[in-house]
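A.B. asks: Here you go, upload_37.csv (CSV, C-alpha atoms):
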chain,number,residue,atom,x,y,z
A,1281,MET,CA,0.0,0.0,0.0
A,1282,ASP,CA,1.2,3.5,-0.8
A,1283,HIS,CA,1.5,4.8,2.8
A,1284,GLN,CA,3.6,1.8,3.8
A,1285,GLU,CA,5.9,2.2,0.8
A,1286,GLN,CA,6.2,5.9,1.6
A,1287,THR,CA,7.2,5.0,5.2
A,1288,LEU,CA,9.8,2.5,3.8
A,1289,ALA,CA,11.2,5.2,1.5
A,1290,ARG,CA,11.5,7.7,4.4
A,1291,TYR,CA,13.3,5.1,6.5
A,1292,VAL,CA,15.7,4.3,3.6
A,1293,THR,CA,16.5,8.0,3.2
A,1294,LYS,CA,17.2,8.2,6.9
A,1295,VAL,CA,19.5,5.2,7.2
A,1296,ALA,CA,21.3,5.7,3.9
A,1297,ALA,CA,23.0,8.8,5.3
A,1298,ASP,CA,25.0,6.7,7.8
A,1299,GLU,CA,28.0,4.9,6.2
A,1300,ALA,CA,27.7,2.2,8.9
A,1301,ASN,CA,24.5,1.1,7.3
A,1302,ILE,CA,24.8,-1.3,4.3
A,1303,ALA,CA,21.4,-2.3,3.2
A,1304,VAL,CA,17.7,-2.4,4.0
A,1305,VAL,CA,15.9,-5.7,3.3
A,1306,LEU,CA,12.1,-5.6,3.3
A,1307,VAL,CA,10.4,-8.7,4.8
A,1308,GLY,CA,7.0,-9.5,6.4
A,1309,SER,CA,3.5,-8.8,5.1
A,1310,LEU,CA,4.6,-5.9,2.9
A,1311,ALA,CA,7.1,-8.1,1.1
A,1312,HIS,CA,4.6,-11.0,0.8
A,1313,GLY,CA,1.9,-8.6,-0.5
A,1314,THR,CA,-0.5,-9.6,2.3
A,1315,GLU,CA,-0.3,-6.3,4.3
A,1316,ARG,CA,-3.3,-4.7,5.9
A,1317,PRO,CA,-3.8,-0.9,6.0
A,1318,ASP,CA,-2.5,-0.8,9.6
A,1319,SER,CA,0.4,-3.3,9.1
A,1320,ASP,CA,3.8,-2.2,10.2
A,1321,VAL,CA,6.9,-2.3,7.9
A,1322,ASP,CA,9.3,-5.1,8.7
A,1323,VAL,CA,12.9,-4.8,7.7
A,1324,TYR,CA,16.4,-6.1,8.3
A,1325,LEU,CA,19.0,-3.4,8.6
A,1326,VAL,CA,22.3,-4.7,7.4
A,1327,VAL,CA,25.2,-2.9,9.1
A,1328,THR,CA,29.0,-3.2,9.5
A,1329,ASP,CA,30.3,-5.6,12.2
A,1330,GLU,CA,31.3,-2.6,14.3
A,1331,ALA,CA,27.8,-1.1,14.2
A,1332,PHE,CA,26.3,-4.5,15.0
A,1333,ALA,CA,28.6,-4.8,18.1
A,1334,ARG,CA,27.5,-1.3,19.2
A,1335,ALA,CA,23.8,-2.2,18.8
A,1336,GLN,CA,24.3,-5.4,20.7
A,1337,GLN,CA,26.0,-3.5,23.5
A,1338,ARG,CA,23.0,-1.1,23.7
A,1339,GLU,CA,20.5,-4.0,23.5
A,1340,GLN,CA,19.2,-2.6,20.3
A,1341,LEU,CA,19.4,-5.5,17.9
A,1342,SER,CA,15.6,-5.2,17.5
A,1343,TYR,CA,13.7,-2.0,17.8
A,1344,VAL,CA,11.0,0.1,16.2
A,1345,ASP,CA,11.1,3.5,14.5
A,1346,THR,CA,7.9,5.5,14.7
A,1347,GLU,CA,9.3,8.8,13.5
A,1348,VAL,CA,9.4,7.9,9.8
A,1349,ALA,CA,5.8,6.6,9.7
A,1350,THR,CA,3.5,8.4,7.2
A,1351,TYR,CA,0.3,6.9,8.6
A,1352,GLU,CA,-1.4,6.8,12.1
A,1353,GLY,CA,-0.1,3.9,14.2
A,1354,GLY,CA,2.6,3.0,11.7
A,1355,TYR,CA,6.2,2.1,12.4
A,1356,VAL,CA,9.2,0.3,11.0
A,1357,ASP,CA,10.1,-2.9,12.9
A,1358,ILE,CA,13.8,-3.3,12.6
A,1359,LYS,CA,16.1,-6.3,13.1
A,1360,VAL,CA,19.8,-5.6,12.8
A,1361,ALA,CA,22.0,-7.9,10.8
A,1362,THR,CA,25.5,-8.1,9.1
A,1363,HIS,CA,27.0,-9.9,6.1
A,1364,GLY,CA,28.1,-12.6,8.5
A,1365,TYR,CA,24.5,-12.9,9.8
A,1366,LEU,CA,23.1,-13.4,6.3
A,1367,ARG,CA,25.8,-16.0,5.4
A,1368,GLY,CA,25.2,-17.8,8.6
A,1369,ALA,CA,21.4,-17.8,8.2
A,1370,ALA,CA,21.9,-19.4,4.7
A,1371,LEU,CA,24.2,-22.1,6.1
A,1372,GLU,CA,22.6,-23.0,9.5
A,1373,GLY,CA,19.7,-20.6,10.3
A,1374,ASP,CA,16.7,-22.1,12.1
A,1375,ASP,CA,13.4,-22.3,10.3
A,1376,PRO,CA,11.9,-19.0,11.7
A,1377,VAL,CA,14.8,-16.9,10.5
A,1378,ARG,CA,14.9,-18.7,7.1
A,1379,ALA,CA,11.1,-18.2,6.8
A,1380,SER,CA,11.5,-14.5,7.6
A,1381,PHE,CA,13.4,-14.0,4.3
A,1382,LEU,CA,10.7,-15.6,2.1
A,1383,ASP,CA,9.7,-13.0,-0.6
A,1384,ALA,CA,12.3,-10.6,0.9
A,1385,ARG,CA,13.1,-7.5,-1.2
A,1386,VAL,CA,16.3,-5.5,-1.0
A,1387,ALA,CA,14.9,-2.0,-0.7
A,1388,TRP,CA,18.3,-0.3,-0.7
A,1389,SER,CA,21.9,-1.4,-0.7
A,1390,ARG,CA,25.4,-0.2,-1.0
A,1391,ASP,CA,26.6,-3.8,-1.8
A,1392,PRO,CA,25.1,-5.8,-4.7
A,1393,GLN,CA,26.1,-9.0,-2.9
A,1394,VAL,CA,23.4,-8.5,-0.3
A,1395,ALA,CA,20.7,-9.6,-2.8
A,1396,ASP,CA,22.3,-13.0,-3.4
A,1397,LEU,CA,22.9,-13.6,0.3
A,1398,VAL,CA,19.3,-12.8,1.0
A,1399,ALA,CA,18.0,-15.1,-1.8
A,1400,ALA,CA,20.0,-18.0,-0.5
A,1401,ILE,CA,18.5,-18.0,3.1
A,1402,PRO,CA,15.1,-19.6,2.6
A,1403,VAL,CA,16.4,-22.3,0.2
A,1404,LEU,CA,17.2,-25.9,1.5
A,1405,PRO,CA,18.4,-28.9,-0.6
A,1406,ASP,CA,16.2,-32.0,-0.7
A,1407,ASP,CA,18.5,-34.0,1.5
A,1408,ALA,CA,18.1,-31.4,4.2
A,1409,TRP,CA,14.4,-31.7,4.1
A,1410,GLU,CA,14.6,-35.5,4.4
A,1411,ASP,CA,16.9,-35.1,7.4
A,1412,ARG,CA,14.4,-32.8,9.1
A,1413,ALA,CA,11.6,-35.2,8.4
A,1414,ALA,CA,13.6,-38.0,10.0
A,1415,SER,CA,14.4,-35.9,13.1
A,1416,PHE,CA,10.8,-34.9,13.7
A,1417,ILE,CA,9.4,-38.4,13.1
A,1418,ALA,CA,11.8,-39.7,15.7
A,1419,GLN,CA,10.6,-36.9,18.1
A,1420,MET,CA,6.9,-37.7,17.3
A,1421,ARG,CA,7.4,-41.4,18.0
A,1422,LEU,CA,9.0,-40.9,21.4
A,1423,TYR,CA,6.7,-38.1,22.7
A,1424,GLY,CA,3.5,-39.6,21.3
A,1425,GLY,CA,4.3,-43.3,21.6
A,1426,TYR,CA,6.4,-43.4,24.9
A,1427,PHE,CA,6.1,-40.3,27.1
A,1428,LEU,CA,2.4,-39.8,26.4
A,1429,LYS,CA,1.7,-43.5,27.3
A,1430,GLN,CA,3.8,-43.0,30.5
A,1431,GLY,CA,1.7,-40.0,31.5
A,1432,ASP,CA,-1.4,-42.0,30.9
A,1433,GLN,CA,-0.2,-44.9,33.0
A,1434,LEU,CA,1.0,-42.7,35.8
A,1435,GLY,CA,-2.0,-40.4,35.8
A,1436,ASP,CA,0.5,-37.5,35.5
A,1437,GLU,CA,-1.4,-34.5,34.1
A,1438,TYR,CA,1.8,-32.5,33.5
A,1439,LEU,CA,3.5,-35.3,31.6
A,1440,LEU,CA,0.4,-36.0,29.6
A,1441,ARG,CA,0.1,-32.4,28.4
A,1442,TRP,CA,3.9,-31.9,27.9
A,1443,ALA,CA,4.1,-35.1,25.8
A,1444,ALA,CA,1.0,-34.2,23.8
A,1445,ILE,CA,2.2,-30.7,22.9
A,1446,HIS,CA,5.6,-32.0,21.8
A,1447,ALA,CA,4.1,-34.9,19.9
A,1448,LEU,CA,1.8,-32.4,18.0
A,1449,SER,CA,4.7,-30.0,17.3
A,1450,SER,CA,6.9,-32.8,16.0
A,1451,ALA,CA,4.2,-34.4,13.9
A,1452,GLY,CA,3.3,-31.0,12.4
A,1453,ARG,CA,6.9,-30.2,11.6
A,1454,ALA,CA,7.5,-33.6,10.1
A,1455,LEU,CA,4.6,-33.0,7.7
A,1456,LEU,CA,5.9,-29.5,6.9
A,1457,ALA,CA,9.3,-30.9,6.2
A,1458,ARG,CA,7.8,-33.5,3.8
A,1459,GLY,CA,6.0,-30.6,2.0
A,1460,HIS,CA,9.2,-28.5,2.0
A,1461,VAL,CA,7.5,-25.8,4.0
A,1462,LEU,CA,9.5,-23.7,6.5
A,1463,PHE,CA,8.2,-23.5,10.0
A,1464,ARG,CA,7.6,-19.8,10.8
A,1465,GLY,CA,6.9,-20.3,14.5
A,1466,ASN,CA,4.3,-22.0,16.8
A,1467,LYS,CA,1.6,-19.3,16.3
A,1468,TYR,CA,1.6,-20.2,12.5
A,1469,LEU,CA,1.8,-24.0,12.7
A,1470,THR,CA,-1.9,-24.7,12.4
A,1471,GLY,CA,-2.3,-22.4,9.5
A,1472,LEU,CA,0.7,-23.8,7.7
A,1473,LEU,CA,-0.6,-27.3,8.1
A,1474,ALA,CA,-4.0,-26.4,6.9
A,1475,GLY,CA,-2.4,-25.0,3.7
A,1476,LEU,CA,-0.6,-28.3,2.9
A,1477,PRO,CA,-2.0,-29.9,-0.2
A,1478,ASP,CA,-1.3,-33.4,1.1
A,1479,LEU,CA,-2.2,-33.1,4.7
A,1480,PRO,CA,-3.5,-36.4,6.0
A,1481,GLU,CA,-7.3,-36.4,6.1
A,1482,GLY,CA,-8.6,-35.8,9.6
A,1483,TYR,CA,-5.2,-34.7,10.9
A,1484,LEU,CA,-6.3,-31.3,12.3
A,1485,ALA,CA,-9.4,-32.8,14.0
A,1486,LEU,CA,-7.2,-35.5,15.7
A,1487,ALA,CA,-4.7,-32.9,16.7
A,1488,ASP,CA,-7.3,-30.7,18.3
A,1489,GLN,CA,-8.8,-33.7,20.1
A,1490,LEU,CA,-5.3,-34.7,21.5
A,1491,LEU,CA,-4.7,-31.2,22.6
A,1492,ARG,CA,-8.0,-31.0,24.5
A,1493,GLU,CA,-7.9,-34.5,25.9
A,1494,PRO,CA,-4.3,-35.9,25.9
A,1495,THR,CA,-4.4,-39.7,26.1
A,1496,ALA,CA,-2.3,-42.6,25.0
A,1497,GLU,CA,-5.1,-43.7,22.7
A,1498,GLY,CA,-5.4,-40.3,21.1
A,1499,GLY,CA,-1.6,-40.2,20.6
A,1500,ALA,CA,-1.6,-43.6,19.0
A,1501,ALA,CA,-4.3,-42.6,16.5
A,1502,LEU,CA,-2.4,-39.4,15.5
A,1503,LEU,CA,0.8,-41.3,15.1
A,1504,ALA,CA,-0.8,-44.0,13.0
A,1505,LEU,CA,-2.3,-41.4,10.7
A,1506,VAL,CA,1.0,-39.7,10.2
A,1507,GLU,CA,3.1,-42.9,9.9
A,1508,ASN,CA,0.8,-44.3,7.2
A,1509,HIS,CA,0.7,-41.1,5.2
A,1510,HIS,CA,4.4,-41.2,4.0
A,1511,ASP,CA,7.3,-43.5,3.7
A,1512,TRP,CA,9.4,-41.8,6.4
A,1513,PRO,CA,13.2,-41.8,6.1
A,1514,ILE,CA,14.0,-43.4,9.5
A,1515,THR,CA,13.2,-46.9,10.7
A,1516,ARG,CA,11.7,-47.6,14.1
A,1517,ALA,CA,15.0,-49.4,15.1
A,1518,GLN,CA,16.9,-46.1,14.5
A,1519,THR,CA,14.4,-43.9,16.3
A,1520,LEU,CA,15.6,-44.1,19.9
A,1521,SER,CA,19.3,-43.5,18.9
A,1522,ARG,CA,18.3,-40.5,16.8
A,1523,PHE,CA,16.1,-39.1,19.7
A,1524,VAL,CA,18.9,-39.5,22.3
A,1525,ARG,CA,21.5,-37.9,20.0
A,1526,GLU,CA,19.4,-34.9,19.2
A,1527,ASN,CA,18.1,-34.3,22.7
A,1528,GLU,CA,20.0,-35.9,25.5
A,1529,LEU,CA,23.4,-35.4,23.8
A,1530,SER,CA,22.8,-31.9,22.5
A,1531,TRP,CA,25.1,-30.6,25.3
A,1532,LEU,CA,27.9,-32.7,23.7
A,1533,THR,CA,27.2,-32.1,20.0
A,1534,ARG,CA,26.4,-28.4,20.6
A,1535,VAL,CA,23.5,-28.8,18.2
A,1536,PRO,CA,20.1,-27.6,19.5
A,1537,PRO,CA,17.2,-30.1,19.7
A,1538,PRO,CA,15.1,-30.2,16.5
A,1539,GLU,CA,12.3,-28.1,18.0
A,1540,PHE,CA,14.7,-25.2,18.3
A,1541,ARG,CA,16.0,-25.3,14.8
Translate the structure of the given file into structure tokens.
C.D. replies:
Amino acid sequence: MDHQEQTLARYVTKVAADEANIAVVLVGSLAHGTERPDSDVDVYLVVTDEAFARAQQREQLSYVDTEVATYEGGYVDIKVATHGYLRGAALEGDDPVRASFLDARVAWSRDPQVADLVAAIPVLPDDAWEDRAASFIAQMRLYGGYFLKQGDQLGDEYLLRWAAIHALSSAGRALLARGHVLFRGNKYLTGLLAGLPDLPEGYLALADQLLREPTAEGGAALLALVENHHDWPITRAQTLSRFVRENELSWLTRVPPPEFR
């Protein structure tokens, strides 16, 4: 919309005057073309390493600028980044940061390399998607097939609900990985799953039921639906080892558990 583009233009004019600023990358609803009249303007401000260090020291790696807004209630929501940040995000960024660069547009830049760095971030090779699917299916099997059952047997309400939430998160992310869809964050999970063209029939209803009434029986039904929907790239015999390596040994491998990637 014109008023948001005008706000973006004013912000670019403001930051381009500082040599420490390298580029402005538009992301969010305005980049996707899904903005509302009252939507804010989301950007990454790419800066020098020195400027990033100063922003980090001031606890200003994320902030808003209301002064450049050309409409009531508007503002620019800014995340600070560097060349190294962009390269790192392309190599090993978690899903939410990769997803934040979907449809990104370089609004201004001193460096033509920025556009290529940005374009590489939300792209994953097929084998990476397969590896993610294996990780999340392993998580789903343990949370939904073991911990949930234990919670049921022990009558432990906390364990039941903890296991159900993790089983649903893992099952959902396994299905997203199979569909090559980046996980944007938990508040988007249901919507992303609903948009999958090959979502197992009845999945959302089973998931909702398990969330409302976490039981071993409900978990088994959900797991069976997901297991039978695809030929998953990890056997049951490999599942426990994968789960232990990615959870209990994360302190040793220095690789975060799958749910935090």
A.B. asks: Within 8 Å of (6.3, -40.4, 12.8) (coordinates as in the file), grab all the protein and nucleic acid residues, counting all atoms listed in the file, and write them out as a VMD selection string.
C.D. replies: chain A and resid 1416 to 1421 1451 1454 1503 to 1504 1506 to 1507 1512
A.B. asks: Using all atoms listed in the file, which protein or nucleic acid residues come within 7 Å of Tyr1355 in chain A? Drop anything in the same chain fewer than 4 positions from it, and give the result as a ChimeraX atom specification.
C.D. replies: /A:1320-1321,1344-1346,1349
A.B. asks: Do you have the CA of Arg1412 in chain A-CA of Pro1376 in chain A distance handy?
C.D. replies: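 Atom-to-atom, CA of Arg1412 in chain A to CA of Pro1376 in chain A, that is 14.3 Å.
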A.B. asks: Please identify all polymer residues within 10 Å of Asp1375 in chain A, counting all atoms listed in the file, omitting same-chain residues fewer than 6 positions from it, and present them as a list in words.
C.D. replies: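 Neighbouring residues, sequence-local ones excluded: Ala1369, Ile1401, Pro1402, Val1461, Leu1462, Phe1463, Arg1464, Gly1465, Glu1539, Phe1540 and Arg1541 of chain A.
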A.B. asks: Name the closest residue to Ser1450 in chain A among the candidates A:Thr1287, A:Thr1350, A:Ser1415, A:Thr1314; distances are taken between atoms, counting all atoms listed in the file.
C.D. replies: A:Ser1415
A.B. asks: Report as an NGL selection string all protein, DNA and RNA residues lying within 12 Å of Val1524 in chain A, evaluated on all atoms listed in the file, omitting residues in the same chain fewer than 3 positions from it.
C.D. replies: :A and (1415 or 1418-1419 or 1422 or 1518-1521 or 1527-1533 or 1537-1538)
A.B. asks: Using all atoms listed in the file, which residue out of A:His1460, A:Arg1516, A:Arg1390, A:Lys1429 lies closest to Gly1499 in chain A?
C.D. replies: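 Smallest distance to Gly1499 in chain A is found for A:Lys1429.
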A.B. asks: Quick one: pull the distance between CA of Asp1357 in chain A and CA of Leu1306 in chain A, Å, one decimal.
C.D. replies: 10.2 Å
A.B. asks: As a list of chain:residue names, please: the residues near Pro1317 in chain A (cut-off 10 Å, all atoms listed in the file, same-chain neighbours under 6 positions excluded).
C.D. replies: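 Here the answer would be A:Met1281, A:Asp1282, A:His1283, A:Gln1284, A:Tyr1351, A:Gly1354.
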A.B. asks: Which is closest to Ala1370 in chain A among A:His1312, A:Arg1525, A:Val1323, A:Pro1405, if we use only C-alpha atoms?
C.D. replies: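 Looking at the shortest contact to Ala1370 in chain A, the residue is A:Pro1405.
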